[in-house]
Amino acid sequence: MDMHEAQLLFINEAEELLDVMESCLLEVEAGDATIDAHIDAIFRAAHTIKGSAGLFGFDAIVAFTHSVESVLEQVRADKLEFTPALAELLLDCHRHMVQMIQSIADPELASDKNQGTKLLAALDVYLHPPKSDEPLTDTSQAPIPDDSGHWSIHIDYGREVFRDGMDPCSQLKFLQTLGQVDDVRVTADFSDGEFDPECCYLRLQMALISSADKQQIEEVFEFIQDSSKVTISAPKALVNKVQACAEDDARLGETLVNSGALTKRELEMALAEQRRALQENRQAEALGNMLIKQGAVDKSLVSAALSKQKNQEHKRPIDLQFLKVDARKLDNLIGLIGELVTAGAANELLIGQLAHEKLQESFAGMTLLVEQIRDAALGLRMVQIGESFGRLKRIVRDVSKELGKDINLEVLGAETELDKSMVEKLSDPLMHIVRNAIDHGIEPQDVRIYKGKPSQGQLCLNAYHEAGAVVIEITDDGAGLDPDRIRAKAIENGILDTDKQLSKEDIYKLIFEPGFSTASAITNLSGRGVGMDVVKRNIEELRGQISIASDINQGTRFRIRLPLTLAIIDGFEVTVGDAHLVIPVNMIQECLAFDAEALAVERDYLNLRGEVLPFVRVRDILKIPGQRLQREHVVVVQFGENRAGLVVETLLGELQAVIKPLNKMFRAIRGIGGSTVMGSGDIGFILDVPQLIEFTMHKESRQCAPASDKSEKEKHE
Amino acid sequence: MNDVVLDPLHASQHHQYLTFVLRDECFAVGIEAVKEIIEYSGVTAIPLMPDFVKGVLNLRGEVVPVIDLSLRFGKSVTQIQKRSCIIILEIPFEQHHVVLGVVVDAVNEVLDIEPHQIEAPPTFGAKIRAQFIKGVANIDEQFVILLHAEKVLSVEEMASIIENVIEQ
């Protein structure tokens, strides 16, 4: 692995840890969890970032994170109360750390040095409180449990310890927070015969009186575990505890871990060794013996645990385990599966021409498997949208605080799954919408009270699946959009002609125009007239749509509809003239024969069991040349709350379509979302149904525009 | 030793051009942009497109747009004949390469054209936008027009033409 890759890995890891830190802090601040429940995770995040940053020589990050870590250490040791003010400070520190990490990846995003200095000063106040009456708590005041003996700890430091940025002294200090450290003996190991001043030759032996379990003690040495040899022997007094802990059905290892005589790591090492022995067909030793051999536990402890254990087989729930995979590998896999699907379709075509029943049967079986593999592979890229929503929580908190608004955020459907690449591209648009909702949507408290609304504003994020699409809604109970004001503003900014009449929905859409902004005062949050046009563009790039519903003084709802995946869809193949078109299956409700003569030419809607169904003549709207066929069909499609018919010529049946995006050159095309290579080798076009309908509406409204408007347009053309 | 072999090779690569015929005129593009040459078949028309976009082609699973070069030059449509070919070109666009095909009447040969053989394009008379032309070479008493492939097939420019056509 080269340095650059390692660095990327560090950035990635640090960002994940910072996310954990942030969500923990926010939960504690909101009162959803106690600090005791999360302090370990927060501390670990800071500690790990410091350690890894040290390896890369990012001194600024190490220095800053060290202060944060020190404060957290105080909180962890119950020496410092976790006040709201401290929470606020730590969240600010978190933001600064995020900036510092980001600036590694992109040096242009330099972090604010002044901000860092300010935060360090603020942290310092917690670390060195101005003269308090009590002397700082020290080891002598640490509780000394009466019923426990000595833990004996032996550390044989590795040569690399100093170079890894570890400090034996700080480990000893931290040990003191767990209990009383006695009888520390320092020896040096110069067996190499050479002396390098940057190496660590230290050996420490000490006794610890503590009620902590082995896991806790081992965690102190977590970061030197790989480079050094740490032996922790449990006190004899633990035998009682082991006996008390051994439940009837527990396994030996678990009993020892539960009673605090063994750590999970040691147990796993022993278990792995046991498995290895079994694989090599060697006689595996009993776990207990192995643990004793490893020096992990004392013999008396094992026999105490064994004496209690009953011989019963139990099925254990397997822990959820995660595997980190390079995204490119996944993309490559999905690409290959796309090729497999296309090749399968070609074979299906050929097999269809042979009348060989057995071959067809076995091929059908394989097709089923390919479909499952496809779904499983696409599933690998799916992540819960909650991750994105988590970031929005922070924005809501920060922005509402800055504006002095009291806002309650409700999150629904955080477990809804969406393609990872989409989640990433969604985070910016969602952030803009949420900021806008807080800044422009929800009124200041006094205005809300004047209007007779509750003073606390409500903001709701909701995500759910609907007919093969993911819908995300952002709803606020604020002032709502004022069509008259938007109209006036659009005319003022030259986006709209003075005499143009628009429906309410079309007026709302004006806010997505570049250079549109209605906020009379420009705040530093929004109102610069950039943002909403980016929102629309980002969502269209994901083949999605955004719509707005709003009532004055009731609130506004943004609705984003996105396709589930960007790679492969189940499609239904139809033809119009020479063109092969693919309609996403999950949008199709039914297919009907189209009786052209029964319909007057002037109207494009039909009677579907008593309901009005508007339809689109696909040949006309896509300007496909050729003569209309005698027999046509209507495919009834449903998307969201809309229903429409598509008039096509022949229905060919279902297929799996691997979406190949069209060249950037064709970005202006409407109603077609991409292309696909079919089994026959022909190229088909995937219909983007909502866009096709929108394009039809747009065209029709232009054709039906008032005469004056129309003649003017013709003059231009 | 290596230097002696590599140097002339490098130099000759630099001056190689693929010549082709379009409406009785001879054109050439730098060989480094040419990916392959295939016979004309299997082009699927794309709905709503202006005429200069012939359609898309399935090139071993890749969907490749095909352009009618004659229409792109503002001349009349290329008639598909027996010798009609599609030259597949790689055009740089936004730090990547896009693969595009152009329809021509016939492909001739690969020629070495030294820089001193290339004259500046005529200021008018070629009936092709001057910026498309890199220069003109006189090869065996016949004029060959050397094209700027990345300007003739500018993705950005073609996209905006398509946009205008669809908007209307």
# chains A, B, ... in the order shown; residues from 1 in each chain; ligands from 1
>>> residues_around(residues="segment 47-60 of chain B", least_positions_apart="6", cutoff="8 Å", atoms="only C-alpha atoms", output="list of chain:residue names")
A:Leu622, A:Lys623, A:Ile624, A:Ile669, A:Val677, A:Gly681, A:Asp682, A:Ile683, B:Val66, B:Ile67, B:Asp68, B:Leu69, B:Ser70, B:Leu71, B:Arg72, B:Val77, B:Ile162, B:Val165, B:Ile166
>>> residues_around(residues="Asn347 of chain A", least_positions_apart="4", cutoff="9 Å", atoms="only C-alpha atoms", output="VMD selection string")
chain A and resid 342 to 343 351 to 352 363 679
>>> interface_residues(of="chain A", to="chain B", cutoff="9 Å", atoms="only C-alpha atoms", output="JSON, numbers by chain")
{"A": [339, 342, 578, 579, 621, 622, 623, 624, 625, 660, 661, 662, 663, 664, 665, 666, 667, 668, 669, 670, 672, 675, 676, 677, 681, 682, 683, 684, 685, 717]}
>>> residues_around(residues="segment 136-141 of chain B", least_positions_apart="6", cutoff="10 Å", atoms="only C-alpha atoms", output="ChimeraX atom specification")
/B:27-28,111,113-122,147
>>> atom_distance(atom1="atom CA of Arg328 of chain A", atom2="atom CA of Val658 of chain A")
18.1 Å
>>> residues_around(residues="Met166 of chain A", least_positions_apart="5", cutoff="9 Å", atoms="only C-alpha atoms", output="PyMOL selection string")
chain A and resi 51+54+161+171+223-224
>>> write_last_selection(atoms="N, CA and C atoms", output="CSV table (one decimal), in the first residue's frame")
chain,number,residue,atom,x,y,z
A,51,GLY,N,-3.9,8.9,17.5
A,51,GLY,CA,-2.9,7.9,17.2
A,51,GLY,C,-2.5,7.8,15.7
A,54,GLY,N,-0.8,10.8,14.3
A,54,GLY,CA,0.6,10.8,14.7
A,54,GLY,C,1.5,9.9,13.8
A,161,VAL,N,7.6,1.5,19.7
A,161,VAL,CA,6.5,2.2,20.5
A,161,VAL,C,6.6,3.7,20.4
A,171,GLN,N,0.1,5.9,29.6
A,171,GLN,CA,-0.6,4.7,29.9
A,171,GLN,C,-0.6,4.4,31.5
A,223,PHE,N,-3.4,0.3,22.0
A,223,PHE,CA,-2.6,0.8,20.9
A,223,PHE,C,-1.2,0.2,20.8
A,224,ILE,N,-0.8,-0.4,21.8
A,224,ILE,CA,0.6,-1.0,21.7
A,224,ILE,C,0.5,-2.5,21.6
>>> residues_around(residues="Ser52 of chain A", least_positions_apart="5", cutoff="9 Å", atoms="only C-alpha atoms", output="PDB file with C-alpha atoms, in the first residue's frame")
ATOM      1  CA  PHE A  10      -6.828   7.320   7.417  1.00  0.00           C
ATOM      2  CA  ALA A  14     -11.201   9.469  10.746  1.00  0.00           C
ATOM      3  CA  HIS A  47      -7.872   8.701  20.794  1.00  0.00           C
ATOM      4  CA  GLY A  57       2.919  13.186  11.085  1.00  0.00           C
ATOM      5  CA  PHE A  58      -0.114  15.487  11.011  1.00  0.00           C
ATOM      6  CA  VAL A  62      -2.315  15.428  16.994  1.00  0.00           C
ATOM      7  CA  ASP A 164       4.263   5.011  16.722  1.00  0.00           C
ATOM      8  CA  GLY A 165       3.597   8.053  18.855  1.00  0.00           C
TER       9      GLY A 165
END
>>> select_by_dssp(residues="segment 423-641 of chain A", states="alpha helix (DSSP H)", output="number ranges by chain")
A: 423-436, 445-450, 483-492, 504-509, 532-541, 618-621
>>> residues_around(residues="Asp105 of chain B", least_positions_apart="3", cutoff="9 Å", atoms="only C-alpha atoms", output="ChimeraX atom specification")
/B:20-24,78-86
>>> write_last_selection(atoms="C-alpha atoms", output="PDB file, in the first residue's frame")
ATOM      1  CA  PHE B  20     -10.696   9.399 -45.905  1.00  0.00           C
ATOM      2  CA  VAL B  21     -13.106  10.578 -48.560  1.00  0.00           C
ATOM      3  CA  LEU B  22     -16.229  12.566 -47.938  1.00  0.00           C
ATOM      4  CA  ARG B  23     -18.221  13.929 -50.882  1.00  0.00           C
ATOM      5  CA  ASP B  24     -15.280  13.692 -53.302  1.00  0.00           C
ATOM      6  CA  THR B  78     -24.078  11.355 -46.358  1.00  0.00           C
ATOM      7  CA  GLN B  79     -25.569   8.656 -48.564  1.00  0.00           C
ATOM      8  CA  ILE B  80     -24.787   5.195 -47.257  1.00  0.00           C
ATOM      9  CA  GLN B  81     -23.045   3.142 -49.964  1.00  0.00           C
ATOM     10  CA  LYS B  82     -21.076  -0.026 -50.199  1.00  0.00           C
ATOM     11  CA  ARG B  83     -17.802   1.556 -49.117  1.00  0.00           C
ATOM     12  CA  SER B  84     -19.299   3.658 -46.316  1.00  0.00           C
ATOM     13  CA  CYS B  85     -17.411   3.331 -43.054  1.00  0.00           C
ATOM     14  CA  ILE B  86     -17.574   4.467 -39.470  1.00  0.00           C
TER      15      ILE B  86
END
>>> residues_around(residues="Lys35 of chain B", least_positions_apart="5", cutoff="7 Å", atoms="only C-alpha atoms", output="number ranges by chain")
B: 88-90
>>> write_last_selection(atoms="N, CA and C atoms", output="short mmCIF file (atom, residue, chain, number, x, y, z; two decimals), in the first residue's frame")
data_model
loop_
_atom_site.label_atom_id
_atom_site.label_comp_id
_atom_site.auth_asym_id
_atom_site.auth_seq_id
_atom_site.Cartn_x
_atom_site.Cartn_y
_atom_site.Cartn_z
N ILE B 88 -14.10 5.14 -35.68
CA ILE B 88 -14.32 5.31 -34.25
C ILE B 88 -13.15 6.13 -33.69
N LEU B 89 -13.48 7.26 -33.07
CA LEU B 89 -12.46 8.19 -32.58
C LEU B 89 -12.57 8.37 -31.07
N GLU B 90 -11.45 8.67 -30.46
CA GLU B 90 -11.45 9.01 -29.04
C GLU B 90 -11.18 10.50 -28.90
#
>>> atom_distance(atom1="atom CA of Asp92 of chain A", atom2="atom CA of Ser23 of chain A")
13.3 Å
>>> closest_residue(among="B:Lys75, B:Gln16, B:Cys26, B:Ala126", to="Val144 of chain B", atoms="only C-alpha atoms")
B:Cys26
>>> atom_distance(atom1="atom CA of Val110 of chain B", atom2="atom CA of Gly30 of chain B")
9.4 Å
>>> closest_residue(among="A:Ala53, A:His633, A:Gly645, A:Phe174", to="Pro614 of chain A", atoms="only C-alpha atoms")
A:Gly645
